[in-house]
$ cat input-v4.txt   # compact mmCIF, C-alpha atoms
# COMPACT_ATOMS: atom_id res chain seq x y z
CA MET A 1 137.26 -72.50 -39.18
CA SER A 2 133.91 -74.18 -38.78
CA TYR A 3 132.81 -76.91 -41.12
CA ILE A 4 130.17 -75.92 -43.65
CA ASP A 5 127.87 -78.67 -44.83
CA PRO A 6 128.07 -78.41 -48.65
CA CYS A 7 124.45 -79.50 -49.13
CA ALA A 8 123.20 -76.93 -46.61
CA HIS A 9 125.24 -74.29 -48.41
CA CYS A 10 123.84 -75.47 -51.73
CA GLU A 11 120.34 -75.12 -50.33
CA GLU A 12 121.07 -71.51 -49.37
CA MET A 13 122.04 -70.83 -52.96
CA MET A 14 119.09 -72.56 -54.59
CA GLN A 15 116.61 -69.70 -54.74
CA PRO A 16 119.10 -67.07 -55.93
CA TYR A 17 120.51 -69.64 -58.38
CA LEU A 18 117.11 -70.28 -59.93
CA ASP A 19 116.41 -66.54 -59.94
CA HIS A 20 119.70 -66.00 -61.80
CA VAL A 21 120.99 -63.50 -59.29
CA LEU A 22 124.11 -65.28 -58.03
CA THR A 23 127.49 -63.80 -58.81
CA GLU A 24 129.51 -65.69 -61.39
CA GLU A 25 131.73 -67.09 -58.66
CA GLU A 26 128.76 -68.30 -56.60
CA ARG A 27 127.13 -69.82 -59.63
CA VAL A 28 130.23 -71.81 -60.51
CA GLU A 29 130.46 -72.96 -56.90
CA ALA A 30 126.82 -74.09 -56.87
CA GLU A 31 127.17 -75.91 -60.18
CA SER A 32 130.30 -77.67 -59.10
CA HIS A 33 128.47 -79.07 -56.07
CA LEU A 34 125.44 -79.96 -58.21
CA ASP A 35 127.67 -81.89 -60.59
CA ASP A 36 128.79 -84.08 -57.71
CA CYS A 37 125.62 -84.36 -55.65
CA GLU A 38 122.62 -86.13 -57.10
CA GLN A 39 120.48 -85.42 -54.08
CA CYS A 40 120.91 -81.65 -54.42
CA ARG A 41 120.44 -81.90 -58.17
CA ARG A 42 117.09 -83.59 -57.64
CA ARG A 43 116.06 -81.02 -55.11
CA TYR A 44 116.90 -78.19 -57.50
CA ARG A 45 114.99 -79.91 -60.28
CA PHE A 46 112.05 -80.34 -57.98
CA GLU A 47 112.09 -76.65 -57.08
CA GLU A 48 112.10 -75.72 -60.75
CA SER A 49 109.15 -78.00 -61.53
CA LEU A 50 107.31 -76.67 -58.52
CA ARG A 51 107.72 -73.08 -59.65
CA VAL A 52 106.38 -73.91 -63.09
CA TYR A 53 103.48 -75.77 -61.55
CA VAL A 54 102.63 -72.97 -59.09
CA ARG A 55 102.66 -70.54 -61.94
CA GLN A 56 100.37 -72.66 -64.10
CA ALA A 57 98.02 -73.42 -61.23
CA THR A 58 97.64 -69.78 -60.27
CA THR A 59 97.15 -68.36 -63.74
CA GLU A 60 93.53 -67.45 -64.20
CA GLN A 61 91.91 -65.94 -67.23
CA MET A 62 90.37 -62.56 -66.72
CA PRO A 63 86.55 -62.80 -66.87
CA ALA A 64 85.21 -61.44 -70.17
CA GLU A 65 82.74 -59.16 -68.39
CA LEU A 66 85.59 -57.53 -66.53
CA ARG A 67 87.28 -56.68 -69.81
CA GLN A 68 84.08 -54.99 -70.98
CA LYS A 69 83.73 -53.11 -67.72
CA LEU A 70 87.29 -51.84 -68.01
CA SER A 71 86.74 -50.64 -71.56
CA ALA A 72 83.64 -48.81 -70.39
CA LEU A 73 85.77 -46.90 -67.88
CA ARG A 74 87.60 -45.09 -70.64
CA ILE A 75 87.11 -41.35 -70.53
CA PRO A 76 85.06 -40.33 -73.59
CA LEU A 77 86.54 -37.80 -75.99
CA ASP A 78 84.71 -34.49 -75.89
CA MET B 1 106.57 -15.37 -81.30
CA SER B 2 105.94 -11.98 -79.78
CA ALA B 3 107.00 -11.36 -76.21
CA ALA B 4 103.57 -9.89 -75.61
CA VAL B 5 101.93 -13.32 -75.72
CA THR B 6 100.87 -14.08 -72.20
CA VAL B 7 100.83 -17.37 -70.38
CA ALA B 8 97.05 -17.29 -70.46
CA ASP B 9 97.08 -17.11 -74.24
CA MET B 10 99.15 -20.25 -74.37
CA SER B 11 97.01 -22.21 -71.93
CA GLU B 12 96.13 -25.72 -72.92
CA SER B 13 92.43 -25.04 -73.19
CA GLU B 14 92.99 -22.46 -75.90
CA ASP B 15 95.33 -24.46 -78.06
CA PRO B 16 93.32 -26.82 -80.25
CA GLN B 17 96.41 -28.50 -81.68
CA ARG B 18 97.73 -29.29 -78.28
CA LEU B 19 94.31 -30.51 -77.17
CA ALA B 20 94.12 -32.85 -80.14
CA SER B 21 97.57 -34.23 -79.52
CA GLU B 22 96.78 -34.72 -75.86
CA ALA B 23 93.59 -36.56 -76.74
CA ARG B 24 95.57 -38.85 -79.03
CA ASP B 25 98.10 -39.53 -76.27
CA ARG B 26 95.34 -40.28 -73.84
CA VAL B 27 93.59 -42.69 -76.21
CA ARG B 28 96.87 -44.47 -76.80
CA PHE B 29 97.54 -44.64 -73.08
CA GLU B 30 94.11 -46.15 -72.47
CA GLU B 31 94.63 -48.72 -75.19
CA ASP B 32 98.05 -49.66 -73.86
CA ALA B 33 96.69 -49.98 -70.33
CA LEU B 34 93.75 -52.11 -71.48
CA ALA B 35 96.08 -54.39 -73.42
CA LEU B 36 97.78 -55.19 -70.09
CA ALA B 37 94.53 -55.98 -68.27
CA ASP B 38 95.02 -59.76 -68.44
CA GLN B 39 98.42 -59.49 -66.83
CA VAL B 40 97.17 -57.04 -64.22
CA TYR B 41 94.29 -59.35 -63.35
CA ARG B 42 96.58 -62.36 -63.07
CA VAL B 43 98.53 -60.61 -60.32
CA ALA B 44 95.47 -58.98 -58.73
CA ARG B 45 93.74 -62.33 -58.41
CA HIS B 46 96.29 -63.48 -55.82
CA ILE B 47 97.07 -60.15 -54.20
CA ALA B 48 93.39 -59.78 -53.36
CA ASN B 49 91.74 -62.29 -51.07
CA SER B 50 89.06 -63.43 -53.51
CA ARG B 51 88.05 -63.34 -57.15
CA GLU B 52 85.42 -60.69 -56.37
CA ASP B 53 87.95 -58.49 -54.56
CA ALA B 54 90.35 -58.90 -57.46
CA GLU B 55 87.79 -57.77 -60.02
CA GLU B 56 86.85 -54.77 -57.93
CA LEU B 57 90.48 -53.91 -57.36
CA VAL B 58 91.30 -54.07 -61.06
CA GLN B 59 88.35 -51.80 -61.87
CA GLU B 60 89.39 -49.27 -59.24
CA THR B 61 92.93 -49.42 -60.58
CA TYR B 62 91.77 -48.58 -64.09
CA VAL B 63 89.49 -45.79 -62.87
CA ARG B 64 92.46 -44.22 -61.15
CA ALA B 65 94.86 -44.92 -64.02
CA PHE B 66 92.57 -43.35 -66.63
CA ARG B 67 92.10 -40.33 -64.40
CA SER B 68 95.78 -39.79 -63.72
CA TRP B 69 97.14 -40.93 -67.06
CA ALA B 70 99.07 -37.68 -67.48
CA SER B 71 101.33 -38.58 -64.57
CA PHE B 72 102.56 -41.69 -66.37
CA GLN B 73 105.92 -41.12 -68.02
CA PRO B 74 105.87 -42.60 -71.51
CA GLY B 75 108.70 -45.05 -72.05
CA THR B 76 108.65 -46.31 -68.47
CA ASN B 77 107.10 -49.60 -67.37
CA LEU B 78 103.31 -49.21 -67.66
CA ARG B 79 102.57 -52.63 -66.19
CA ALA B 80 104.60 -51.77 -63.08
CA TRP B 81 102.88 -48.38 -62.90
CA LEU B 82 99.45 -50.04 -62.95
CA LEU B 83 100.47 -52.61 -60.35
CA ARG B 84 101.78 -49.89 -58.11
CA ILE B 85 98.36 -48.22 -58.19
CA LEU B 86 96.76 -51.59 -57.53
CA THR B 87 98.90 -52.55 -54.54
CA ASN B 88 98.46 -49.08 -53.02
CA LEU B 89 94.68 -49.30 -53.45
CA ASN B 90 94.74 -52.74 -51.89
CA ILE B 91 96.49 -51.37 -48.82
CA ASP B 92 94.32 -48.22 -48.66
CA ARG B 93 91.10 -50.16 -48.81
CA GLY B 94 92.07 -52.30 -45.86
CA ARG B 95 91.76 -55.49 -47.86
CA ARG B 96 94.84 -56.89 -46.27
CA GLN B 97 93.12 -58.23 -43.19
CA GLN B 98 93.97 -61.81 -42.81
CA ARG B 99 93.95 -64.41 -40.14
CA ALA B 100 96.98 -64.20 -37.90
CA PRO B 101 99.97 -65.91 -39.43
CA GLN B 102 100.75 -69.15 -37.68
CA MET B 103 103.20 -70.76 -39.97
CA GLN B 104 106.59 -70.17 -38.41
CA ALA B 105 106.91 -73.91 -37.83
CA LEU B 106 106.29 -74.58 -41.50
CA GLU B 107 109.08 -72.40 -42.76
CA ALA B 108 111.60 -75.12 -42.15
CA ASN B 109 113.95 -74.99 -45.10
CA ASP B 110 113.95 -74.92 -48.86
CA TYR B 111 113.97 -78.67 -49.27
CA TYR B 112 111.15 -79.26 -46.80
CA LEU B 113 108.43 -80.07 -49.31
CA TYR B 114 110.64 -82.26 -51.44
CA ASP B 115 112.06 -84.14 -48.48
CA LYS B 116 108.63 -84.62 -46.88
CA LEU B 117 107.14 -86.07 -50.00
CA ALA B 118 110.14 -87.95 -51.25
CA ASP B 119 110.55 -89.59 -47.84
CA ASP B 120 106.95 -90.55 -47.79
CA GLY B 121 107.63 -94.23 -48.13
CA ASP B 122 106.40 -94.86 -51.63
CA GLY B 123 109.79 -94.22 -53.14
CA VAL B 124 108.63 -91.29 -55.23
CA SER B 125 111.70 -89.68 -56.65
CA ASP B 126 110.41 -88.02 -59.74
CA ALA B 127 109.75 -84.37 -59.07
CA ASP B 128 106.84 -84.19 -61.47
CA ARG B 129 105.04 -87.01 -59.76
CA VAL B 130 105.47 -85.32 -56.41
CA VAL B 131 104.12 -82.09 -57.79
CA GLU B 132 101.17 -83.84 -59.39
CA ARG B 133 99.90 -84.83 -55.99
CA LEU B 134 98.96 -81.22 -55.46
CA SER B 135 95.81 -80.04 -57.19
CA GLN B 136 95.38 -76.58 -58.64
CA ASP B 137 93.08 -75.74 -55.73
CA ASP B 138 95.71 -76.90 -53.25
CA ILE B 139 98.18 -74.45 -54.71
CA VAL B 140 95.75 -71.55 -54.85
CA THR B 141 94.64 -72.19 -51.26
CA ALA B 142 98.19 -72.55 -49.98
CA LEU B 143 99.21 -69.31 -51.68
CA ALA B 144 96.23 -67.49 -50.14
CA GLU B 145 97.44 -68.61 -46.72
CA VAL B 146 100.82 -66.96 -47.08
CA PRO B 147 100.79 -63.67 -45.11
CA HIS B 148 100.32 -60.62 -47.32
CA ASP B 149 103.77 -59.07 -47.08
CA PHE B 150 105.30 -62.29 -48.36
CA ARG B 151 102.54 -63.16 -50.77
CA ASP B 152 102.64 -59.79 -52.57
CA VAL B 153 106.28 -60.36 -53.43
CA ILE B 154 105.80 -63.98 -54.54
CA VAL B 155 102.88 -62.96 -56.72
CA LEU B 156 104.75 -60.09 -58.36
CA VAL B 157 107.96 -62.03 -59.01
CA ASP B 158 106.85 -65.63 -59.55
CA ILE B 159 103.46 -65.06 -61.17
CA GLY B 160 103.80 -61.53 -62.55
CA ASP B 161 107.38 -61.97 -63.78
CA PHE B 162 108.53 -58.70 -62.30
CA SER B 163 112.21 -58.25 -61.50
CA TYR B 164 113.29 -57.75 -57.91
CA ALA B 165 113.85 -54.08 -58.74
CA ASP B 166 110.35 -53.64 -60.22
CA ALA B 167 108.76 -55.40 -57.27
CA ALA B 168 110.70 -53.13 -54.92
CA GLN B 169 109.42 -50.08 -56.74
CA ILE B 170 105.84 -51.30 -56.89
CA LEU B 171 105.74 -52.10 -53.17
CA ASP B 172 107.96 -49.17 -52.19
CA ILE B 173 110.37 -51.34 -50.23
CA PRO B 174 114.14 -51.92 -50.63
CA VAL B 175 115.35 -54.62 -53.02
CA GLY B 176 116.94 -56.46 -50.09
CA THR B 177 113.52 -56.68 -48.46
CA VAL B 178 112.03 -58.04 -51.68
CA MET B 179 114.66 -60.77 -51.70
CA SER B 180 114.26 -61.76 -48.07
CA ARG B 181 110.45 -61.73 -48.26
CA LEU B 182 110.54 -63.71 -51.47
CA HIS B 183 112.81 -66.36 -50.03
CA ARG B 184 110.89 -66.66 -46.77
CA GLY B 185 107.56 -66.49 -48.57
CA ARG B 186 108.44 -69.35 -50.91
CA ARG B 187 109.49 -71.42 -47.92
CA ILE B 188 106.21 -70.67 -46.17
CA LEU B 189 104.34 -71.62 -49.33
CA LYS B 190 106.21 -74.90 -49.58
CA GLY B 191 105.52 -75.60 -45.93
CA ALA B 192 101.80 -75.10 -46.55
CA LEU B 193 101.93 -77.30 -49.66
CA ALA B 194 103.72 -80.05 -47.78
CA GLU B 195 101.03 -80.05 -45.09
CA THR B 196 98.31 -80.25 -47.73
CA ALA B 197 100.00 -83.00 -49.69
CA LEU B 198 100.58 -85.06 -46.57
CA GLU B 199 96.99 -84.63 -45.41
CA GLU B 200 95.77 -85.85 -48.77
CA ALA B 201 98.08 -88.82 -48.71
CA GLN B 202 96.57 -90.03 -45.45
$ encode --input "input-v4.txt" --output "C-alpha cells"
Amino acid sequence: MSYIDPCAHCEEMMQPYLDHVLTEEERVEAESHLDDCEQCRRRYRFEESLRVYVRQATTEQMPAELRQKLSALRIPLD
Amino acid sequence: MSAAVTVADMSESEDPQRLASEARDRVRFEEDALALADQVYRVARHIANSREDAEELVQETYVRAFRSWASFQPGTNLRAWLLRILTNLNIDRGRRQQRAPQMQALEANDYYLYDKLADDGDGVSDADRVVERLSQDDIVTALAEVPHDFRDVIVLVDIGDFSYADAAQILDIPVGTVMSRLHRGRRILKGALAETALEEAQ
C-alpha cells in the first residue's frame, strides 16, 4: 500500500469540509488530523477567512436607478 | 354544470373571476421577483464582464421573467428560476467572450495562496493579516479573470449562496461538474490572488 501524506489528504478534504458536504466518516477523519496538525488548522482557518473576505469584497449594492427601471418593466394591469 | 358548456365558453378571456385571480397572481409574482432584485444583481455583477453588462442583463432577465411568469411554478425556488434565465441570456447574448485562459500554472493546490504569503519572509501567520493585503479591487479583478465556466459556479455558490444542486439546475450541468468546477475555480482564483498579492508586496 502506498503512503498517503496526511496533510495532502487533509488538503483534498478542505473544500468539501468547509462546504459541509463530507460524509460523517470523512469529517471525523479530517477533524482528527486537524486536531493534531497546527499547520493544516491554520490553512483551513485561512481558507475560511478568505471566503468571507471574497464574499464581502464582491458584494455590490444594486444601483438605485436599476431598481426603478426594473419596477417600470412590470406589465400594467388592463 | 351542464355538459353542453363548451371549452370556448370556459376560456380564460371570458371568465372575469379567473382573470382577476390571474392578475392578482401576476402582481404577486412581480413583487416577489422585484424583492429578489438585489440578490440577482449581486450574482449578475460577477457573471457579466462589467457593471454595465450586469445591469443590462438584469433588465433583460426581468423583461423575460415578467413575460413568462406563468411558467414559474409557485412554491419552487424563484431566485434560482430568475438566475437560470439570467445565465441562459448571458450565454445566448455571447457575453462570455473572454481572453484565453492561461492560468493552468496558477492552479497549484488549495494551500497555494496561504503558503505563498505565509512564506513571504515577514513571518505573517495570521490569516486575517494575509487577507488584508488584498484590496477589494484585487479580489474583483482576480475573480473576473477566472474563466467563465468556473467563475459562474463560484459566483452562484460562494457569492449567491446557492447549493450545489441549485447551481447544477441553474447551469444545466451535473452536480459532479458543479463540484469539480467549483474546486478548480477556487484554486484558480487563489492562484490569481497570490500573484496579485506578491506583485503588490514587491
$ closest_residue --input "input-v4.txt" --among "B:Ile154, B:Val43, B:Ala70, B:Ile173" --to "Thr59 of chain A" --atoms "all atoms listed in the file"
B:Val43
$ interface_residues --input "input-v4.txt" --of "chain B" --to "chain A" --cutoff "8 Å" --atoms "all atoms listed in the file" --output "number ranges by chain"
B: 23, 30, 34, 37-38, 41-42, 45-46, 55, 59, 62-63, 66-67, 110-111, 114, 127-128, 131, 136-137, 139-140, 158-159, 183
$ residues_around --input "input-v4.txt" --residues "Leu171 of chain B" --least-positions-apart "5" --cutoff "8 Å" --atoms "only C-alpha atoms" --output "list in words"
Arg84, Thr87 and Asn88 of chain B
$ write_last_selection --input "input-v4.txt" --atoms "C-alpha atoms" --output "compact mmCIF listing (two decimals), in the frame of the given file"
# COMPACT_ATOMS: atom_id res chain seq x y z
CA ARG B 84 101.78 -49.89 -58.11
CA THR B 87 98.90 -52.55 -54.54
CA ASN B 88 98.46 -49.08 -53.02
